[in-house]
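Before any comments, here is the structure.
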Amino acid sequence: MLIDIVSELILAVTALNGSPVAEVETDTYARIRLADSCYVEVVTYPDSFLVVQTACVPQCNSRAYVYNKEWQRLHEVEPTVDSQLPYAYFKNDTLVWEDNNQRE
């Protein structure tokens, strides 16, 4: 199922003249670079998907959503940091949030 999702994302971005690249693909996780500064990560659970969208222009900012198996959005995942630019990444299969505000 995840491979089908990755394929659909790549086809959609390609149709918009993008050059997506599947950087990582496993049975339950995929990271697709949609453009030089934009990527999406998808984690498959038995009854849902966790989708993390990140854009880096120039600093990275992420949003995360949970979808059911029919791709209906169930809810947004709130960052665990208070930041205007929350950045999310996976570490040891856990979603980690960081404050990515530009430091002066």
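All residue names refer to the structure tokens as shown: chains lettered A, B, ... in order, residues numbered from 1 in each chain, ligands numbered from 1 in order.
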Review point. DSSP on the backbone: what in segment 27-75 of chain A comes out strand (DSSP E), as a VMD selection string?
Key: chain A and resid 29 to 35 38 to 44 48 to 56 60 to 68 73 to 75
Prev. selection, N, CA, C and O atoms, output as a short mmCIF file (atom, residue, chain, number, x, y, z; two decimals), in the first residue's frame:
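So out-v1.cif came out as:
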data_model
loop_
_atom_site.label_atom_id
_atom_site.label_comp_id
_atom_site.auth_asym_id
_atom_site.auth_seq_id
_atom_site.Cartn_x
_atom_site.Cartn_y
_atom_site.Cartn_z
N TYR A 29 7.63 3.12 5.76
CA TYR A 29 8.11 4.51 5.75
C TYR A 29 8.60 4.89 4.36
O TYR A 29 9.25 4.08 3.68
N ALA A 30 8.30 6.12 3.97
CA ALA A 30 8.84 6.66 2.73
C ALA A 30 9.14 8.13 2.90
O ALA A 30 8.41 8.85 3.60
N ARG A 31 10.25 8.56 2.31
CA ARG A 31 10.61 9.98 2.27
C ARG A 31 10.80 10.32 0.81
O ARG A 31 11.65 9.73 0.13
N ILE A 32 9.99 11.29 0.33
CA ILE A 32 10.03 11.69 -1.07
C ILE A 32 10.42 13.15 -1.15
O ILE A 32 9.75 14.01 -0.55
N ARG A 33 11.50 13.43 -1.86
CA ARG A 33 11.90 14.82 -2.11
C ARG A 33 11.10 15.29 -3.31
O ARG A 33 11.24 14.77 -4.41
N LEU A 34 10.23 16.27 -3.10
CA LEU A 34 9.38 16.78 -4.16
C LEU A 34 10.08 17.85 -4.98
O LEU A 34 9.79 18.03 -6.16
N ALA A 35 10.97 18.59 -4.35
CA ALA A 35 11.77 19.63 -4.99
C ALA A 35 13.02 19.80 -4.13
O ALA A 35 13.16 19.16 -3.08
N CYS A 38 11.72 20.87 -0.63
CA CYS A 38 10.42 20.40 -0.17
C CYS A 38 10.38 18.87 -0.21
O CYS A 38 10.79 18.27 -1.19
N TYR A 39 9.89 18.29 0.89
CA TYR A 39 9.74 16.83 0.89
C TYR A 39 8.56 16.42 1.76
O TYR A 39 8.03 17.20 2.54
N VAL A 40 8.15 15.18 1.58
CA VAL A 40 7.06 14.61 2.35
C VAL A 40 7.51 13.24 2.87
O VAL A 40 8.24 12.52 2.19
N GLU A 41 7.10 12.94 4.10
CA GLU A 41 7.37 11.64 4.70
C GLU A 41 6.04 10.99 5.04
O GLU A 41 5.13 11.67 5.52
N VAL A 42 5.92 9.71 4.78
CA VAL A 42 4.69 8.97 5.05
C VAL A 42 5.05 7.74 5.87
O VAL A 42 5.92 6.96 5.49
N VAL A 43 4.36 7.59 7.01
CA VAL A 43 4.53 6.42 7.85
C VAL A 43 3.19 5.67 7.87
O VAL A 43 2.14 6.29 8.09
N THR A 44 3.25 4.38 7.63
CA THR A 44 2.04 3.56 7.61
C THR A 44 1.87 2.85 8.95
O THR A 44 2.81 2.22 9.45
N SER A 48 -3.92 3.72 9.94
CA SER A 48 -3.80 5.13 9.55
C SER A 48 -2.45 5.40 8.91
O SER A 48 -1.58 4.54 8.86
N PHE A 49 -2.30 6.65 8.42
CA PHE A 49 -1.05 7.14 7.86
C PHE A 49 -0.69 8.42 8.58
O PHE A 49 -1.56 9.25 8.88
N LEU A 50 0.59 8.62 8.84
CA LEU A 50 1.10 9.88 9.34
C LEU A 50 1.88 10.51 8.20
O LEU A 50 2.80 9.90 7.64
N VAL A 51 1.48 11.72 7.81
CA VAL A 51 2.11 12.43 6.70
C VAL A 51 2.74 13.70 7.23
O VAL A 51 2.07 14.52 7.85
N VAL A 52 4.04 13.85 7.00
CA VAL A 52 4.77 15.04 7.43
C VAL A 52 5.25 15.76 6.17
O VAL A 52 5.95 15.18 5.34
N GLN A 53 4.84 17.03 6.05
CA GLN A 53 5.24 17.86 4.91
C GLN A 53 6.22 18.90 5.42
O GLN A 53 5.94 19.59 6.40
N THR A 54 7.37 19.02 4.74
CA THR A 54 8.38 19.98 5.16
C THR A 54 8.84 20.78 3.95
O THR A 54 9.11 20.22 2.89
N ALA A 55 8.90 22.10 4.14
CA ALA A 55 9.44 23.01 3.13
C ALA A 55 10.57 23.80 3.78
O ALA A 55 10.44 24.24 4.92
N CYS A 56 11.65 23.97 3.04
CA CYS A 56 12.82 24.68 3.56
C CYS A 56 13.15 25.84 2.63
O CYS A 56 13.77 25.65 1.59
N CYS A 60 13.58 25.39 7.46
CA CYS A 60 12.58 24.33 7.36
C CYS A 60 11.40 24.58 8.29
O CYS A 60 11.56 25.04 9.41
N ASN A 61 10.23 24.25 7.78
CA ASN A 61 8.98 24.37 8.52
C ASN A 61 8.14 23.15 8.16
O ASN A 61 8.01 22.81 6.99
N SER A 62 7.60 22.47 9.16
CA SER A 62 6.86 21.23 8.92
C SER A 62 5.43 21.31 9.42
O SER A 62 5.11 22.05 10.34
N ARG A 63 4.59 20.48 8.80
CA ARG A 63 3.22 20.24 9.25
C ARG A 63 3.00 18.74 9.18
O ARG A 63 3.52 18.08 8.29
N ALA A 64 2.21 18.23 10.10
CA ALA A 64 1.96 16.78 10.13
C ALA A 64 0.47 16.52 10.28
O ALA A 64 -0.23 17.24 11.00
N TYR A 65 0.00 15.49 9.58
CA TYR A 65 -1.41 15.13 9.58
C TYR A 65 -1.56 13.62 9.70
O TYR A 65 -0.73 12.87 9.20
N VAL A 66 -2.66 13.20 10.30
CA VAL A 66 -3.02 11.79 10.36
C VAL A 66 -4.21 11.58 9.45
O VAL A 66 -5.19 12.34 9.48
N TYR A 67 -4.12 10.54 8.61
CA TYR A 67 -5.20 10.17 7.68
C TYR A 67 -5.61 8.74 7.97
O TYR A 67 -4.80 7.91 8.39
N ASN A 68 -6.88 8.43 7.70
CA ASN A 68 -7.31 7.04 7.80
C ASN A 68 -6.94 6.31 6.51
O ASN A 68 -6.37 6.91 5.59
N ARG A 73 -8.59 13.05 6.06
CA ARG A 73 -7.78 13.65 7.12
C ARG A 73 -8.52 13.54 8.44
O ARG A 73 -9.66 13.97 8.57
N LEU A 74 -7.87 12.95 9.44
CA LEU A 74 -8.47 12.81 10.76
C LEU A 74 -8.14 14.00 11.64
O LEU A 74 -9.01 14.54 12.32
N HIS A 75 -6.86 14.42 11.63
CA HIS A 75 -6.48 15.59 12.43
C HIS A 75 -5.05 16.00 12.12
O HIS A 75 -4.26 15.23 11.58
#
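Across the structure, atom CA of Asn92 of chain A and atom CA of Thr28 of chain A are spaced 13.3 Å apart.
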